[in-house]
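Novice: Structure file start_8.csv (CSV, C-alpha atoms) right here:
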chain,number,residue,atom,x,y,z
A,6,MET,CA,2.0,3.1,5.5
A,7,GLY,CA,-0.3,5.1,3.2
A,8,ILE,CA,-0.4,5.0,-0.6
A,9,LEU,CA,1.4,8.3,-0.9
A,10,ASP,CA,4.1,7.2,1.5
A,11,SER,CA,4.8,3.9,-0.3
A,12,PHE,CA,4.8,5.7,-3.6
A,13,GLU,CA,7.3,8.3,-2.4
A,14,LYS,CA,9.6,5.4,-1.5
A,15,GLY,CA,9.2,4.1,-5.1
A,16,LEU,CA,10.1,7.4,-6.6
A,17,GLU,CA,13.1,7.7,-4.3
A,18,ARG,CA,14.3,4.4,-5.7
A,19,VAL,CA,13.9,5.6,-9.3
A,20,VAL,CA,15.6,9.0,-8.8
A,21,ASN,CA,18.5,7.8,-6.7
A,22,GLY,CA,22.1,7.2,-7.9
A,23,ALA,CA,23.1,8.8,-11.2
A,24,PHE,CA,19.9,10.8,-11.3
A,25,ALA,CA,20.0,12.2,-7.8
A,26,LYS,CA,21.1,15.6,-8.9
A,27,THR,CA,18.5,15.8,-11.7
A,28,PHE,CA,15.7,16.9,-9.5
A,29,LYS,CA,17.4,19.3,-7.1
A,30,SER,CA,15.6,22.1,-8.9
A,31,GLY,CA,12.6,22.4,-11.2
A,32,LEU,CA,9.5,20.3,-11.3
A,33,GLN,CA,9.6,17.3,-9.0
A,34,PRO,CA,8.1,13.8,-9.8
A,35,LEU,CA,5.9,14.0,-6.7
A,36,GLU,CA,4.3,17.2,-8.2
A,37,VAL,CA,3.4,15.2,-11.3
A,38,THR,CA,1.9,12.4,-9.2
A,39,ALA,CA,-0.2,15.1,-7.3
A,40,ALA,CA,-1.5,16.4,-10.7
A,41,LEU,CA,-2.4,12.8,-11.8
A,42,ARG,CA,-4.3,12.2,-8.6
A,43,ARG,CA,-6.2,15.5,-9.0
A,44,GLU,CA,-7.0,14.6,-12.6
A,45,LEU,CA,-8.5,11.3,-11.5
A,46,ASP,CA,-10.6,12.9,-8.7
A,47,THR,CA,-11.8,15.8,-10.9
A,48,LYS,CA,-12.8,13.6,-13.8
A,49,ALA,CA,-14.4,10.8,-11.8
A,50,ALA,CA,-17.9,10.2,-13.1
A,51,VAL,CA,-20.5,8.1,-11.3
A,52,VAL,CA,-22.1,5.9,-14.0
A,53,SER,CA,-23.9,3.5,-11.6
A,54,ARG,CA,-24.3,2.7,-8.0
A,55,GLU,CA,-21.4,0.3,-8.3
A,56,ARG,CA,-19.1,2.0,-10.8
A,57,ILE,CA,-17.2,5.3,-10.8
A,58,LEU,CA,-15.4,5.8,-14.1
A,59,VAL,CA,-12.1,7.7,-14.4
A,60,PRO,CA,-9.8,8.5,-17.4
A,61,ASN,CA,-7.2,6.0,-18.3
A,62,ASP,CA,-5.3,7.9,-21.0
A,63,PHE,CA,-3.1,10.7,-19.7
A,64,THR,CA,-0.9,13.4,-21.5
A,65,VAL,CA,1.4,15.1,-19.0
A,66,ARG,CA,2.5,18.4,-20.5
A,67,LEU,CA,5.8,19.8,-19.3
A,68,ALA,CA,8.1,22.8,-19.9
A,69,PRO,CA,11.1,21.9,-22.1
A,70,ALA,CA,13.6,21.7,-19.2
A,71,ASP,CA,11.3,19.7,-17.0
A,72,HIS,CA,10.5,17.4,-19.9
A,73,GLU,CA,14.2,16.8,-20.5
A,74,ARG,CA,14.8,15.9,-16.8
A,75,MET,CA,11.8,13.6,-16.5
A,76,THR,CA,12.5,11.7,-19.7
A,77,ALA,CA,16.1,11.2,-18.7
A,78,LEU,CA,14.9,8.6,-16.3
A,79,GLY,CA,13.5,6.3,-19.0
A,80,PRO,CA,10.6,3.9,-18.6
A,81,ALA,CA,11.0,3.4,-14.8
A,82,LEU,CA,9.5,6.7,-14.0
A,83,ILE,CA,6.5,6.1,-16.3
A,84,ASP,CA,6.0,2.7,-14.6
A,85,GLU,CA,6.0,4.4,-11.2
A,86,PHE,CA,3.4,6.9,-12.4
A,87,THR,CA,1.3,4.1,-13.7
A,88,GLN,CA,1.6,2.3,-10.3
A,89,LEU,CA,0.4,5.4,-8.5
A,90,VAL,CA,-2.6,5.8,-10.8
A,91,GLN,CA,-3.6,2.2,-10.2
A,92,GLN,CA,-3.2,2.5,-6.4
A,93,HIS,CA,-5.1,5.7,-6.1
A,94,ALA,CA,-7.9,4.3,-8.3
A,95,ALA,CA,-8.1,1.2,-6.1
A,96,ALA,CA,-8.2,3.2,-2.9
A,97,GLN,CA,-11.1,5.4,-4.2
A,98,HIS,CA,-12.9,2.4,-5.9
A,99,TYR,CA,-12.6,4.0,-9.3
A,100,ALA,CA,-12.8,1.9,-12.5
A,101,PHE,CA,-11.1,2.2,-15.9
A,102,ALA,CA,-12.5,1.6,-19.4
A,103,GLY,CA,-9.2,0.1,-20.4
A,104,GLY,CA,-5.5,-0.1,-19.7
A,105,ILE,CA,-3.6,2.9,-18.4
A,106,SER,CA,-1.5,5.0,-20.8
A,107,ILE,CA,0.7,7.9,-19.7
A,108,VAL,CA,2.6,10.1,-22.1
A,109,LEU,CA,5.1,12.8,-21.2
A,110,LYS,CA,4.9,15.7,-23.8
A,111,ARG,CA,7.0,18.8,-24.2
A,112,ASP,CA,5.0,22.0,-24.2
A,113,ASP,CA,6.9,25.1,-25.1
A,114,SER,CA,4.1,27.3,-23.8
A,115,LEU,CA,4.7,26.2,-20.2
A,116,THR,CA,7.2,27.7,-17.8
A,117,ASP,CA,9.5,25.6,-15.6
A,118,GLY,CA,7.7,24.0,-12.6
A,119,VAL,CA,4.3,24.1,-14.3
A,120,VAL,CA,2.6,20.8,-15.2
A,121,ARG,CA,-0.7,20.3,-17.1
A,122,VAL,CA,-2.5,17.0,-17.4
A,123,ASP,CA,-5.0,16.2,-20.1
A,124,SER,CA,-7.0,13.0,-19.9
A,125,VAL,CA,-9.6,11.0,-21.7
A,126,ASN,CA,-11.4,7.6,-21.4
A,127,VAL,CA,-10.2,5.2,-24.0
A,128,LYS,CA,-11.9,1.8,-24.2
A,129,GLY,CA,-9.6,-1.0,-24.9
A,130,GLU,CA,-7.8,-4.2,-23.8
A,131,VAL,CA,-5.7,-4.2,-20.7
A,132,SER,CA,-2.1,-5.6,-20.9
A,133,TRP,CA,-1.0,-6.9,-17.5
A,134,ASN,CA,2.7,-6.3,-17.3
A,135,PRO,CA,4.5,-7.9,-14.3
A,136,VAL,CA,7.7,-6.5,-12.9
A,137,LEU,CA,10.1,-7.3,-10.1
A,138,ASP,CA,11.7,-4.6,-8.1
A,139,ILE,CA,15.1,-5.8,-6.7
A,140,GLY,CA,17.8,-3.6,-5.1
A,141,GLY,CA,16.6,-0.4,-6.7
A,142,LYS,CA,16.2,-2.0,-10.2
A,143,ARG,CA,13.1,-3.0,-12.1
A,144,TYR,CA,13.0,-6.2,-14.1
A,145,PRO,CA,10.1,-6.9,-16.5
A,146,ILE,CA,9.2,-10.5,-16.6
A,147,THR,CA,7.5,-12.4,-19.4
A,148,LYS,CA,5.1,-15.3,-19.6
A,149,GLY,CA,6.6,-18.5,-18.4
A,150,ARG,CA,9.4,-19.1,-15.8
A,151,THR,CA,11.8,-16.6,-14.3
A,152,VAL,CA,14.6,-18.0,-12.0
A,153,ILE,CA,16.3,-15.7,-9.4
A,154,GLY,CA,19.5,-16.6,-7.6
A,155,ARG,CA,23.2,-15.8,-7.3
A,156,GLY,CA,24.3,-18.2,-10.1
A,157,SER,CA,25.0,-17.1,-13.6
A,158,GLU,CA,22.4,-19.6,-14.9
A,159,ALA,CA,19.6,-17.7,-13.1
A,160,ASP,CA,17.5,-15.3,-15.3
A,161,ILE,CA,18.0,-12.6,-12.7
A,162,THR,CA,21.3,-12.7,-10.8
A,163,VAL,CA,21.5,-11.2,-7.3
A,164,ASP,CA,24.8,-10.5,-5.5
A,165,ASP,CA,23.9,-12.1,-2.2
A,166,ALA,CA,25.9,-14.9,-0.6
A,167,GLY,CA,22.8,-15.9,1.4
A,168,THR,CA,21.0,-17.1,-1.7
A,169,SER,CA,21.4,-20.3,-3.6
A,170,ARG,CA,22.5,-20.4,-7.2
A,171,LYS,CA,18.9,-21.1,-8.3
A,172,HIS,CA,16.9,-19.9,-5.3
A,173,VAL,CA,13.3,-19.2,-6.4
A,174,GLU,CA,11.2,-19.1,-9.6
A,175,ILE,CA,8.3,-16.9,-10.5
A,176,LEU,CA,5.7,-18.4,-12.8
A,177,TRP,CA,3.5,-16.0,-14.8
A,178,ASP,CA,0.7,-17.2,-17.1
A,179,GLY,CA,-0.4,-13.8,-18.4
A,180,ARG,CA,-2.9,-13.2,-15.6
A,181,ARG,CA,-1.7,-14.8,-12.4
A,182,ALA,CA,1.7,-15.5,-10.7
A,183,GLN,CA,3.2,-18.1,-8.4
A,184,VAL,CA,6.4,-18.3,-6.4
A,185,ASN,CA,8.3,-21.6,-5.9
A,186,ASP,CA,11.3,-22.1,-3.7
A,187,LEU,CA,13.8,-24.3,-5.7
A,188,GLY,CA,15.1,-26.3,-2.7
A,189,SER,CA,17.3,-23.4,-1.5
A,190,THR,CA,19.6,-23.8,1.4
A,191,ASN,CA,18.3,-20.9,3.5
A,192,GLY,CA,14.7,-20.9,2.4
A,193,SER,CA,12.4,-18.2,1.1
A,194,LYS,CA,9.7,-15.9,2.7
A,195,LEU,CA,6.6,-14.5,1.2
A,196,ASN,CA,5.2,-11.5,3.0
A,197,GLY,CA,7.2,-12.5,6.1
A,198,GLN,CA,6.1,-16.1,6.1
A,199,ALA,CA,8.2,-19.1,5.1
A,200,VAL,CA,7.1,-20.4,1.6
A,201,LYS,CA,7.7,-23.4,-0.6
A,202,LYS,CA,5.0,-22.8,-3.2
A,203,ALA,CA,2.2,-20.2,-3.2
A,204,PRO,CA,0.2,-17.9,-5.4
A,205,LEU,CA,1.8,-14.5,-5.8
A,206,PRO,CA,-0.6,-11.5,-5.5
A,207,PRO,CA,0.5,-8.1,-6.8
A,208,ASP,CA,2.6,-6.0,-4.3
A,209,SER,CA,3.8,-9.2,-2.6
A,210,ILE,CA,7.3,-9.2,-1.0
A,211,ILE,CA,9.6,-12.2,-1.4
A,212,GLU,CA,12.7,-12.4,0.7
A,213,ILE,CA,15.7,-14.6,-0.2
A,214,GLY,CA,18.9,-14.2,1.9
A,215,ARG,CA,19.3,-10.4,2.4
A,216,THR,CA,17.5,-9.7,-0.9
A,217,ARG,CA,14.0,-8.2,-1.0
A,218,ILE,CA,11.9,-8.7,-4.1
A,219,VAL,CA,8.7,-6.8,-4.7
A,220,PHE,CA,6.3,-8.2,-7.3
A,221,ARG,CA,4.1,-5.7,-9.1
A,222,VAL,CA,1.6,-5.9,-11.9
A,223,LEU,CA,1.0,-2.8,-14.1
A,224,ALA,CA,-2.3,-2.6,-15.9
A,225,GLN,CA,-1.4,-0.7,-19.1
A,226,ALA,CA,-3.0,-0.2,-22.5
A,227,SER,CA,-2.2,-3.1,-24.7
A,228,SER,CA,-1.5,-0.9,-27.6
A,229,VAL,CA,1.2,1.2,-25.7
A,230,ASP,CA,4.7,0.6,-26.8
A,231,GLN,CA,7.2,-0.1,-24.0
A,232,PHE,CA,8.6,3.4,-24.2
A,233,ALA,CA,10.1,5.2,-27.1
A,234,ASP,CA,7.2,5.7,-29.5
A,235,HIS,CA,4.2,6.4,-27.4
A,236,ARG,CA,5.1,7.3,-23.8
A,237,ILE,CA,7.4,10.3,-24.6
A,238,GLU,CA,6.7,12.9,-27.2
A,239,GLY,CA,8.5,16.1,-28.1
A,240,ARG,CA,7.1,19.4,-29.3
A,241,ASP,CA,3.5,20.0,-30.2
Output the file's structure in the form of structure tokens.
Specialist:
Amino acid sequence: MGILDSFEKGLERVVNGAFAKTFKSGLQPLEVTAALRRELDTKAAVVSRERILVPNDFTVRLAPADHERMTALGPALIDEFTQLVQQHAAAQHYAFAGGISIVLKRDDSLTDGVVRVDSVNVKGEVSWNPVLDIGGKRYPITKGRTVIGRGSEADITVDDAGTSRKHVEILWDGRRAQVNDLGSTNGSKLNGQAVKKAPLPPDSIIEIGRTRIVFRVLAQASSVDQFADHRIEGRD
């Protein structure tokens, strides 16, 4: 499966359910992803034999109606855009000067269906933000221990009779992750193989019962607020 194919599936997850009707007309999220990819490719600069530098700070300008539809999805859509930028950069061997920041901004000069991306290189610290995608929902996790299972005492509860009350735990130290099976009845799998305890690389898939858990790590600018103040803006 190619990067675009896997990303389309991620976007389908974000825009399903209550938001399914939101994008029947007007600008589509995949058109924004295409604009972001073009911006990376257009602005890529060879700074040495081993390093191709690309922008890491993006302002996505949208017409008022498109801006309203996109921002209705909240932070999940921004996280998916960030994931795409990371994946495309990795595939093309691009490098960033700092963490990724993506802002959606209303631009009254644009007509519906038109998107404009402005970008710059901003040097800064990277904030590694781990998330778990489970059943169409995204759960940010914090430093320390996150327990997943069907019991109310788990940090993330799954509605799956095939899982134990405390089935697995994810350990995150700020840079690296590990998955541990907590003595579950039916066991756990990591990328299709039975697992008791193992390092957890980004984009790994954990299976417990009928539940599929995708572990992702988003490299974002450490100064970026989680959503309201910096990722979405109104009029110019």
Novice: Tell me which protein, DNA and RNA residues are within 10 Å of Lys194 in chain A, counting all atoms listed in the file, leaving out same-chain ones fewer than 6 positions away, and put them as a list in words.
Specialist: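 The residues that qualify are Val184, Asp186, Val200, Lys201, Ile210, Ile211, Glu212, Ile213, Gly214 and Arg217 of chain A.
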Novice: Using all atoms listed in the file, determine which residues lie at most 12 Å from Val52 in chain A, disregarding the query and same-chain residues fewer than 5 positions distant; provide the list as a ChimeraX atom specification.
Specialist: /A:57-59,99-102
Novice: When you look at range 144-158 of chain A with a cut-off of 12 Å (counting all atoms listed in the file), what residues show up, excluding the ones that are within fewer than 5 positions of it in the same chain? I need them as number ranges by chain.
Specialist: A: 80-81, 84, 132-139, 163-193, 211-223, 231
Novice: Just give me the gap between CA of Ala95 in chain A and CA of Asn61 in chain A in Å, one decimal is fine.
Specialist: 13.1 Å
Novice: Determine the nearest neighbour of Ala96 in chain A from the options A:Pro60, A:Thr38, A:Leu45, A:Pro204, counting all atoms listed in the file.
Specialist: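 Among the listed residues, the smallest separation from Ala96 in chain A belongs to A:Leu45.
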Novice: Just the number, please: distance in Å from CA of Val119 in chain A to CA of Ala68 in chain A, one decimal.
Specialist: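 Separating CA of Val119 in chain A from CA of Ala68 in chain A is a distance of 6.9 Å.
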Novice: Mind giving me the straight-line distance from CA of Asn196 in chain A to CA of Gln92 in chain A in Å, one decimal?
Specialist: 18.8 Å
